[in-house]
>>> print(open('model-v2.cif').read())   # mmCIF, N, CA and C atoms
data_data
loop_
_atom_site.group_PDB
_atom_site.id
_atom_site.type_symbol
_atom_site.label_atom_id
_atom_site.label_comp_id
_atom_site.auth_asym_id
_atom_site.auth_seq_id
_atom_site.Cartn_x
_atom_site.Cartn_y
_atom_site.Cartn_z
ATOM 1 N N MET A 145 -116.353 -164.261 -95.692
ATOM 2 C CA MET A 145 -115.273 -163.521 -95.105
ATOM 3 C C MET A 145 -115.320 -162.046 -95.498
ATOM 4 N N GLU A 146 -115.661 -161.780 -96.764
ATOM 5 C CA GLU A 146 -115.739 -160.398 -97.237
ATOM 6 C C GLU A 146 -116.835 -159.628 -96.502
ATOM 7 N N ILE A 147 -117.936 -160.306 -96.213
ATOM 8 C CA ILE A 147 -119.038 -159.664 -95.489
ATOM 9 C C ILE A 147 -118.580 -159.287 -94.084
ATOM 10 N N PHE A 148 -117.856 -160.154 -93.424
ATOM 11 C CA PHE A 148 -117.347 -159.878 -92.083
ATOM 12 C C PHE A 148 -116.432 -158.655 -92.085
ATOM 13 N N ILE A 149 -115.531 -158.574 -93.059
ATOM 14 C CA ILE A 149 -114.622 -157.421 -93.162
ATOM 15 C C ILE A 149 -115.421 -156.149 -93.434
ATOM 16 N N GLY A 150 -116.444 -156.236 -94.259
ATOM 17 C CA GLY A 150 -117.299 -155.077 -94.531
ATOM 18 C C GLY A 150 -118.008 -154.604 -93.286
ATOM 19 N N ILE A 151 -118.524 -155.516 -92.483
ATOM 20 C CA ILE A 151 -119.207 -155.151 -91.237
ATOM 21 C C ILE A 151 -118.236 -154.485 -90.275
ATOM 22 N N VAL A 152 -117.022 -155.016 -90.172
ATOM 23 C CA VAL A 152 -116.008 -154.425 -89.290
ATOM 24 C C VAL A 152 -115.667 -153.009 -89.730
ATOM 25 N N ILE A 153 -115.552 -152.786 -91.010
ATOM 26 C CA ILE A 153 -115.247 -151.445 -91.531
ATOM 27 C C ILE A 153 -116.379 -150.478 -91.211
ATOM 28 N N VAL A 154 -117.617 -150.899 -91.386
ATOM 29 C CA VAL A 154 -118.767 -150.037 -91.080
ATOM 30 C C VAL A 154 -118.781 -149.669 -89.584
ATOM 31 N N ILE A 155 -118.533 -150.642 -88.723
ATOM 32 C CA ILE A 155 -118.512 -150.382 -87.277
ATOM 33 C C ILE A 155 -117.396 -149.392 -86.936
ATOM 34 N N MET A 156 -116.239 -149.548 -87.554
ATOM 35 C CA MET A 156 -115.132 -148.628 -87.298
ATOM 36 C C MET A 156 -115.465 -147.214 -87.765
ATOM 37 N N LEU A 157 -116.130 -147.074 -88.903
ATOM 38 C CA LEU A 157 -116.513 -145.755 -89.400
ATOM 39 C C LEU A 157 -117.528 -145.083 -88.487
ATOM 40 N N ILE A 158 -118.469 -145.849 -87.973
ATOM 41 C CA ILE A 158 -119.460 -145.295 -87.036
ATOM 42 C C ILE A 158 -118.766 -144.807 -85.773
ATOM 43 N N ASP A 159 -117.816 -145.572 -85.269
ATOM 44 C CA ASP A 159 -117.074 -145.188 -84.070
ATOM 45 C C ASP A 159 -116.275 -143.910 -84.308
ATOM 46 N N ILE A 160 -115.646 -143.811 -85.456
ATOM 47 C CA ILE A 160 -114.868 -142.612 -85.784
ATOM 48 C C ILE A 160 -115.784 -141.393 -85.862
ATOM 49 N N GLU A 161 -116.968 -141.555 -86.443
ATOM 50 C CA GLU A 161 -117.913 -140.445 -86.562
ATOM 51 C C GLU A 161 -118.341 -139.945 -85.186
ATOM 52 N N GLU A 162 -118.620 -140.852 -84.254
ATOM 53 C CA GLU A 162 -119.016 -140.460 -82.900
ATOM 54 C C GLU A 162 -117.892 -139.722 -82.188
ATOM 55 N N LYS A 163 -116.665 -140.172 -82.364
ATOM 56 C CA LYS A 163 -115.527 -139.503 -81.737
ATOM 57 C C LYS A 163 -115.340 -138.095 -82.300
ATOM 58 N N LEU A 164 -115.546 -137.934 -83.607
ATOM 59 C CA LEU A 164 -115.441 -136.607 -84.215
ATOM 60 C C LEU A 164 -116.503 -135.659 -83.676
ATOM 61 N N LYS A 165 -117.722 -136.148 -83.484
ATOM 62 C CA LYS A 165 -118.788 -135.312 -82.928
ATOM 63 C C LYS A 165 -118.441 -134.854 -81.523
ATOM 64 N N LYS A 166 -117.901 -135.762 -80.698
ATOM 65 C CA LYS A 166 -117.507 -135.401 -79.338
ATOM 66 C C LYS A 166 -116.411 -134.346 -79.353
ATOM 67 N N LEU A 167 -115.455 -134.479 -80.258
ATOM 68 C CA LEU A 167 -114.380 -133.492 -80.353
ATOM 69 C C LEU A 167 -114.908 -132.128 -80.784
ATOM 70 N N GLN A 168 -115.881 -132.114 -81.688
ATOM 71 C CA GLN A 168 -116.464 -130.853 -82.128
ATOM 72 C C GLN A 168 -117.185 -130.152 -80.990
ATOM 73 N N VAL A 169 -117.909 -130.910 -80.170
ATOM 74 C CA VAL A 169 -118.617 -130.325 -79.026
ATOM 75 C C VAL A 169 -117.610 -129.758 -78.030
ATOM 76 N N LYS A 170 -116.553 -130.505 -77.734
ATOM 77 C CA LYS A 170 -115.533 -130.018 -76.799
ATOM 78 C C LYS A 170 -114.841 -128.776 -77.337
ATOM 79 N N GLU A 171 -114.582 -128.755 -78.646
ATOM 80 C CA GLU A 171 -113.933 -127.595 -79.249
ATOM 81 C C GLU A 171 -114.822 -126.367 -79.131
ATOM 82 N N LYS A 172 -116.114 -126.546 -79.387
ATOM 83 C CA LYS A 172 -117.042 -125.425 -79.284
ATOM 84 C C LYS A 172 -117.156 -124.951 -77.844
ATOM 85 N N GLN A 173 -117.202 -125.897 -76.904
ATOM 86 C CA GLN A 173 -117.293 -125.552 -75.493
ATOM 87 C C GLN A 173 -116.044 -124.780 -75.058
ATOM 88 N N ASN A 174 -114.877 -125.218 -75.489
ATOM 89 C CA ASN A 174 -113.645 -124.522 -75.141
ATOM 90 C C ASN A 174 -113.579 -123.154 -75.797
ATOM 91 N N HIS A 175 -114.090 -123.044 -77.019
ATOM 92 C CA HIS A 175 -114.076 -121.767 -77.730
ATOM 93 C C HIS A 175 -114.952 -120.736 -77.018
ATOM 94 N N LEU A 176 -116.113 -121.156 -76.535
ATOM 95 C CA LEU A 176 -117.033 -120.229 -75.878
ATOM 96 C C LEU A 176 -116.707 -120.009 -74.399
ATOM 97 N N ASN A 177 -115.931 -120.913 -73.784
ATOM 98 C CA ASN A 177 -115.574 -120.801 -72.365
ATOM 99 C C ASN A 177 -116.801 -120.540 -71.501
ATOM 100 N N ILE A 178 -117.737 -121.447 -71.551
ATOM 101 C CA ILE A 178 -119.000 -121.301 -70.831
ATOM 102 C C ILE A 178 -118.774 -121.083 -69.337
ATOM 103 N N GLY A 179 -117.747 -121.717 -68.785
ATOM 104 C CA GLY A 179 -117.461 -121.569 -67.357
ATOM 105 C C GLY A 179 -117.226 -120.132 -66.944
ATOM 106 N N ASN A 180 -116.742 -119.287 -67.849
ATOM 107 C CA ASN A 180 -116.506 -117.871 -67.538
ATOM 108 C C ASN A 180 -117.803 -117.085 -67.369
ATOM 109 N N TYR A 181 -118.917 -117.632 -67.853
ATOM 110 C CA TYR A 181 -120.189 -116.905 -67.834
ATOM 111 C C TYR A 181 -121.167 -117.416 -66.783
ATOM 112 N N LEU A 182 -120.746 -118.362 -65.968
ATOM 113 C CA LEU A 182 -121.645 -118.922 -64.950
ATOM 114 C C LEU A 182 -122.135 -117.831 -63.997
ATOM 115 N N ASN A 183 -123.449 -117.797 -63.779
ATOM 116 C CA ASN A 183 -124.117 -116.887 -62.850
ATOM 117 C C ASN A 183 -123.864 -115.412 -63.127
ATOM 118 N N LYS A 184 -123.593 -115.070 -64.373
ATOM 119 C CA LYS A 184 -123.473 -113.671 -64.792
ATOM 120 C C LYS A 184 -124.656 -113.344 -65.691
ATOM 121 N N GLN A 185 -125.058 -112.086 -65.697
ATOM 122 C CA GLN A 185 -126.143 -111.652 -66.576
ATOM 123 C C GLN A 185 -125.633 -111.645 -68.015
ATOM 124 N N VAL A 186 -126.233 -112.484 -68.855
ATOM 125 C CA VAL A 186 -125.835 -112.592 -70.257
ATOM 126 C C VAL A 186 -127.079 -112.694 -71.129
ATOM 127 N N TYR A 187 -126.894 -112.509 -72.410
ATOM 128 C CA TYR A 187 -127.908 -112.937 -73.371
ATOM 129 C C TYR A 187 -127.211 -113.811 -74.393
ATOM 130 N N ILE A 188 -127.940 -114.812 -74.865
ATOM 131 C CA ILE A 188 -127.350 -115.800 -75.757
ATOM 132 C C ILE A 188 -128.061 -115.782 -77.108
ATOM 133 N N VAL A 189 -127.351 -116.246 -78.115
ATOM 134 C CA VAL A 189 -127.911 -116.399 -79.456
ATOM 135 C C VAL A 189 -127.780 -117.871 -79.820
ATOM 136 N N LEU A 190 -128.906 -118.481 -80.220
ATOM 137 C CA LEU A 190 -128.933 -119.890 -80.583
ATOM 138 C C LEU A 190 -129.058 -120.066 -82.085
ATOM 139 N N ASP A 191 -128.647 -121.230 -82.548
ATOM 140 C CA ASP A 191 -128.695 -121.538 -83.975
ATOM 141 C C ASP A 191 -129.486 -122.831 -84.202
ATOM 142 N N ASN A 192 -130.691 -122.918 -83.610
ATOM 143 C CA ASN A 192 -131.535 -124.099 -83.781
ATOM 144 C C ASN A 192 -132.991 -123.660 -83.650
ATOM 145 N N GLU A 193 -133.748 -123.763 -84.713
ATOM 146 C CA GLU A 193 -135.131 -123.308 -84.712
ATOM 147 C C GLU A 193 -136.077 -124.267 -83.996
ATOM 148 N N ASN A 194 -135.594 -125.448 -83.610
ATOM 149 C CA ASN A 194 -136.440 -126.421 -82.921
ATOM 150 C C ASN A 194 -136.501 -126.202 -81.415
ATOM 151 N N VAL A 195 -135.753 -125.243 -80.904
ATOM 152 C CA VAL A 195 -135.750 -124.944 -79.474
ATOM 153 C C VAL A 195 -137.049 -124.229 -79.113
ATOM 154 N N THR A 196 -137.631 -124.594 -77.969
ATOM 155 C CA THR A 196 -138.841 -123.932 -77.499
ATOM 156 C C THR A 196 -138.563 -122.447 -77.315
ATOM 157 N N ASP A 197 -139.458 -121.585 -77.789
ATOM 158 C CA ASP A 197 -139.313 -120.130 -77.721
ATOM 159 C C ASP A 197 -138.018 -119.664 -78.391
ATOM 160 N N TYR A 198 -137.710 -120.250 -79.530
ATOM 161 C CA TYR A 198 -136.483 -119.924 -80.253
ATOM 162 C C TYR A 198 -136.361 -118.436 -80.543
ATOM 163 N N TYR A 199 -137.465 -117.778 -80.840
ATOM 164 C CA TYR A 199 -137.432 -116.358 -81.197
ATOM 165 C C TYR A 199 -136.833 -115.503 -80.082
ATOM 166 N N LEU A 200 -136.897 -115.966 -78.841
ATOM 167 C CA LEU A 200 -136.329 -115.212 -77.724
ATOM 168 C C LEU A 200 -134.806 -115.206 -77.749
ATOM 169 N N PHE A 201 -134.209 -116.151 -78.472
ATOM 170 C CA PHE A 201 -132.761 -116.301 -78.475
ATOM 171 C C PHE A 201 -132.143 -115.907 -79.807
ATOM 172 N N SER A 202 -132.792 -115.044 -80.555
ATOM 173 C CA SER A 202 -132.226 -114.573 -81.814
ATOM 174 C C SER A 202 -131.334 -113.364 -81.530
ATOM 175 N N SER A 203 -130.601 -112.936 -82.535
ATOM 176 C CA SER A 203 -129.706 -111.790 -82.353
ATOM 177 C C SER A 203 -130.485 -110.480 -82.253
ATOM 178 N N VAL A 204 -131.748 -110.473 -82.669
ATOM 179 C CA VAL A 204 -132.576 -109.272 -82.594
ATOM 180 C C VAL A 204 -133.122 -109.069 -81.181
ATOM 181 N N THR A 205 -133.571 -110.154 -80.557
ATOM 182 C CA THR A 205 -134.133 -110.095 -79.219
ATOM 183 C C THR A 205 -133.048 -110.442 -78.212
ATOM 184 N N GLU A 206 -132.846 -109.591 -77.246
ATOM 185 C CA GLU A 206 -131.831 -109.838 -76.234
ATOM 186 C C GLU A 206 -132.515 -110.269 -74.944
ATOM 187 N N THR A 207 -132.719 -111.567 -74.782
ATOM 188 C CA THR A 207 -133.332 -112.109 -73.584
ATOM 189 C C THR A 207 -132.248 -112.284 -72.530
ATOM 190 N N MET A 208 -132.349 -111.501 -71.450
ATOM 191 C CA MET A 208 -131.347 -111.559 -70.400
ATOM 192 C C MET A 208 -131.604 -112.739 -69.482
ATOM 193 N N GLY A 209 -130.530 -113.359 -69.048
ATOM 194 C CA GLY A 209 -130.639 -114.473 -68.125
ATOM 195 C C GLY A 209 -129.282 -114.871 -67.597
ATOM 196 N N LYS A 210 -129.250 -116.032 -66.940
ATOM 197 C CA LYS A 210 -128.010 -116.539 -66.365
ATOM 198 C C LYS A 210 -127.800 -117.993 -66.771
ATOM 199 N N ILE A 211 -126.553 -118.334 -67.038
ATOM 200 C CA ILE A 211 -126.185 -119.729 -67.239
ATOM 201 C C ILE A 211 -125.920 -120.292 -65.853
ATOM 202 N N ILE A 212 -126.739 -121.242 -65.442
ATOM 203 C CA ILE A 212 -126.665 -121.776 -64.086
ATOM 204 C C ILE A 212 -125.654 -122.902 -63.976
ATOM 205 N N ASP A 213 -125.643 -123.807 -64.958
ATOM 206 C CA ASP A 213 -124.771 -124.967 -64.904
ATOM 207 C C ASP A 213 -124.570 -125.488 -66.326
ATOM 208 N N TYR A 214 -123.560 -126.326 -66.512
ATOM 209 C CA TYR A 214 -123.305 -126.922 -67.824
ATOM 210 C C TYR A 214 -122.518 -128.210 -67.668
ATOM 211 N N ASP A 215 -122.543 -129.023 -68.715
ATOM 212 C CA ASP A 215 -121.703 -130.221 -68.796
ATOM 213 C C ASP A 215 -121.177 -130.313 -70.226
ATOM 214 N N ASP A 216 -120.825 -131.487 -70.677
ATOM 215 C CA ASP A 216 -120.243 -131.638 -72.011
ATOM 216 C C ASP A 216 -121.225 -131.354 -73.138
ATOM 217 N N THR A 217 -122.515 -131.590 -72.914
ATOM 218 C CA THR A 217 -123.506 -131.484 -73.980
ATOM 219 C C THR A 217 -124.526 -130.378 -73.744
ATOM 220 N N TRP A 218 -124.955 -130.166 -72.503
ATOM 221 C CA TRP A 218 -126.057 -129.274 -72.170
ATOM 222 C C TRP A 218 -125.608 -128.135 -71.266
ATOM 223 N N PHE A 219 -126.397 -127.054 -71.286
ATOM 224 C CA PHE A 219 -126.252 -126.024 -70.272
ATOM 225 C C PHE A 219 -127.648 -125.582 -69.845
ATOM 226 N N ILE A 220 -127.741 -125.063 -68.631
ATOM 227 C CA ILE A 220 -129.021 -124.627 -68.079
ATOM 228 C C ILE A 220 -129.051 -123.107 -68.113
ATOM 229 N N PHE A 221 -130.082 -122.561 -68.754
ATOM 230 C CA PHE A 221 -130.232 -121.116 -68.878
ATOM 231 C C PHE A 221 -131.525 -120.696 -68.196
ATOM 232 N N SER A 222 -131.448 -119.728 -67.302
ATOM 233 C CA SER A 222 -132.613 -119.226 -66.581
ATOM 234 C C SER A 222 -132.857 -117.781 -66.998
ATOM 235 N N TYR A 223 -134.099 -117.472 -67.383
ATOM 236 C CA TYR A 223 -134.437 -116.129 -67.850
ATOM 237 C C TYR A 223 -135.886 -115.809 -67.497
ATOM 238 N N TYR A 224 -136.226 -114.526 -67.594
ATOM 239 C CA TYR A 224 -137.593 -114.093 -67.329
ATOM 240 C C TYR A 224 -138.328 -113.947 -68.653
ATOM 241 N N ASN A 225 -139.451 -114.658 -68.798
ATOM 242 C CA ASN A 225 -140.268 -114.584 -70.002
ATOM 243 C C ASN A 225 -141.370 -113.560 -69.771
ATOM 244 N N LYS A 226 -141.335 -112.468 -70.510
ATOM 245 C CA LYS A 226 -142.305 -111.382 -70.326
ATOM 246 C C LYS A 226 -143.718 -111.803 -70.699
ATOM 247 N N ASN A 227 -143.855 -112.652 -71.720
ATOM 248 C CA ASN A 227 -145.184 -113.082 -72.151
ATOM 249 C C ASN A 227 -145.854 -113.974 -71.113
ATOM 250 N N LYS A 228 -145.091 -114.876 -70.530
ATOM 251 C CA LYS A 228 -145.637 -115.793 -69.526
ATOM 252 C C LYS A 228 -145.578 -115.207 -68.114
ATOM 253 N N ARG A 229 -144.834 -114.112 -67.975
ATOM 254 C CA ARG A 229 -144.675 -113.408 -66.696
ATOM 255 C C ARG A 229 -144.146 -114.314 -65.589
ATOM 256 N N LYS A 230 -143.116 -115.067 -65.919
ATOM 257 C CA LYS A 230 -142.479 -115.908 -64.912
ATOM 258 C C LYS A 230 -141.062 -116.260 -65.347
ATOM 259 N N ASN A 231 -140.268 -116.703 -64.379
ATOM 260 C CA ASN A 231 -138.907 -117.162 -64.670
ATOM 261 C C ASN A 231 -138.967 -118.554 -65.289
ATOM 262 N N ILE A 232 -138.185 -118.754 -66.329
ATOM 263 C CA ILE A 232 -138.116 -120.032 -67.035
ATOM 264 C C ILE A 232 -136.685 -120.560 -66.917
ATOM 265 N N THR A 233 -136.552 -121.821 -66.583
ATOM 266 C CA THR A 233 -135.260 -122.489 -66.589
ATOM 267 C C THR A 233 -135.314 -123.545 -67.678
ATOM 268 N N GLN A 234 -134.372 -123.453 -68.601
ATOM 269 C CA GLN A 234 -134.429 -124.293 -69.791
ATOM 270 C C GLN A 234 -133.077 -124.953 -70.050
ATOM 271 N N TYR A 235 -133.115 -126.241 -70.405
ATOM 272 C CA TYR A 235 -131.922 -126.963 -70.827
ATOM 273 C C TYR A 235 -131.730 -126.717 -72.313
ATOM 274 N N LEU A 236 -130.522 -126.339 -72.696
ATOM 275 C CA LEU A 236 -130.197 -126.084 -74.096
ATOM 276 C C LEU A 236 -128.900 -126.796 -74.450
ATOM 277 N N ARG A 237 -128.763 -127.168 -75.702
ATOM 278 C CA ARG A 237 -127.549 -127.859 -76.151
ATOM 279 C C ARG A 237 -126.429 -126.848 -76.419
ATOM 280 N N ILE A 238 -125.233 -127.213 -76.024
ATOM 281 C CA ILE A 238 -124.079 -126.366 -76.297
ATOM 282 C C ILE A 238 -123.855 -126.254 -77.795
ATOM 283 N N SER A 239 -124.145 -127.311 -78.531
ATOM 284 C CA SER A 239 -123.943 -127.292 -79.978
ATOM 285 C C SER A 239 -124.858 -126.286 -80.686
ATOM 286 N N ASP A 240 -125.976 -125.905 -80.051
ATOM 287 C CA ASP A 240 -126.884 -124.912 -80.624
ATOM 288 C C ASP A 240 -126.476 -123.477 -80.299
ATOM 289 N N LEU A 241 -125.528 -123.312 -79.406
ATOM 290 C CA LEU A 241 -125.113 -121.993 -78.938
ATOM 291 C C LEU A 241 -124.245 -121.318 -79.971
ATOM 292 N N LYS A 242 -124.680 -120.137 -80.399
ATOM 293 C CA LYS A 242 -123.928 -119.385 -81.406
ATOM 294 C C LYS A 242 -123.022 -118.349 -80.746
ATOM 295 N N SER A 243 -123.540 -117.638 -79.735
ATOM 296 C CA SER A 243 -122.713 -116.665 -79.021
ATOM 297 C C SER A 243 -123.286 -116.390 -77.643
ATOM 298 N N ILE A 244 -122.404 -115.908 -76.770
ATOM 299 C CA ILE A 244 -122.778 -115.481 -75.417
ATOM 300 C C ILE A 244 -122.296 -114.044 -75.273
ATOM 301 N N ASN A 245 -123.187 -113.170 -74.868
ATOM 302 C CA ASN A 245 -122.858 -111.760 -74.739
ATOM 303 C C ASN A 245 -123.129 -111.296 -73.313
ATOM 304 N N VAL A 246 -122.109 -110.734 -72.673
ATOM 305 C CA VAL A 246 -122.224 -110.267 -71.289
ATOM 306 C C VAL A 246 -122.932 -108.927 -71.288
ATOM 307 N N ILE A 247 -123.833 -108.761 -70.326
ATOM 308 C CA ILE A 247 -124.533 -107.492 -70.147
ATOM 309 C C ILE A 247 -123.750 -106.676 -69.146
ATOM 310 N N ARG A 248 -123.395 -105.503 -69.507
ATOM 311 C CA ARG A 248 -122.569 -104.652 -68.631
ATOM 312 C C ARG A 248 -123.390 -103.646 -67.901
#
>>> encode(input="model-v2.cif", output="structure tokens")
Amino acid sequence: MEIFIGIVIVIMLIDIEEKLKKLQVKEKQNHLNIGNYLNKQVYIVLDNENVTDYYLFSSVTETMGKIIDYDDTWFIFSYYNKNKRKNITQYLRISDLKSINVIR
């Protein structure tokens, strides 16, 4: 019986952890108001070194592009890569987004 109660407690803790993660993502999304930046020229700063071409999204390099679409977890960013000489469309996580800066 004690083992059963222990398993139930572990399952409840895992569920609570997942709900907290979802709330954190929604809070970050609401804080940044990604919808306000759709199809506008912006540059973004990311906080995840595992992203492809991460150096392009640092605060030192201002890679201009547009946020095309987004959902609860991901957003689509389209930009011109000077090294590859072509437009790149990339899916990025909202949780990795540190800031969005509008180009005036």
>>> closest_residue(input="model-v2.cif", among="A:Asp215, A:Asn227, A:Ile188, A:Ile147", to="A:Ser203", atoms="all atoms listed in the file")
A:Ile188
>>> closest_residue(input="model-v2.cif", among="A:Glu206, A:Glu146, A:Asp213, A:Asp240", to="A:Asn180", atoms="only C-alpha atoms")
A:Asp213
>>> axis_aligned_box(input="model-v2.cif", around="stretch 230-238 of chain A", padding_each_side="5 Å", output="JSON")
{"center_x": -133.5, "center_y": -121.5, "center_z": -71.1, "size_x": 29.3, "size_y": 22.8, "size_z": 23.4}
>>> resolve_selection(input="model-v2.cif", expression="the PyMOL selection byres ((chain A and resi 239) around 7)", output="PyMOL selection string")
chain A and resi 169+191+217-218+236-238+240-242
>>> closest_residue(input="model-v2.cif", among="A:Asn177, A:Gln185, A:Thr233, A:Thr207", to="A:Arg248", atoms="only C-alpha atoms")
A:Gln185
>>> select_by_dssp(input="model-v2.cif", residues="chain A", states="alpha helix (DSSP H)", output="PyMOL selection string")
chain A and resi 146-176
>>> select_by_dssp(input="model-v2.cif", residues="stretch 162-217 of chain A", states="strand (DSSP E or B)", output="count of residues only")
14
>>> atom_distance(input="model-v2.cif", atom1="atom C of A:Val186", atom2="atom C of A:Asn225")
14.4 Å
>>> atom_distance(input="model-v2.cif", atom1="atom N of A:Ile220", atom2="atom CA of A:Tyr187")
13.0 Å
>>> atom_distance(input="model-v2.cif", atom1="atom C of A:Gly209", atom2="atom N of A:Tyr181")
10.7 Å
>>> residues_around(input="model-v2.cif", residues="A:Ile211", least_positions_apart="4", cutoff="6 Å", atoms="only N, CA and C atoms", output="list in words")
Tyr181, Leu182, Asn183, Lys184, Ile220, Phe221 and Ser222 of chain A
>>> closest_residue(input="model-v2.cif", among="A:Arg229, A:Glu161, A:Phe219, A:Tyr224", to="A:Gly179", atoms="only C-alpha atoms")
A:Phe219
>>> residues_around(input="model-v2.cif", residues="A:Val204", least_positions_apart="4", cutoff="8 Å", atoms="all atoms listed in the file", output="PyMOL selection string")
chain A and resi 189+199-200
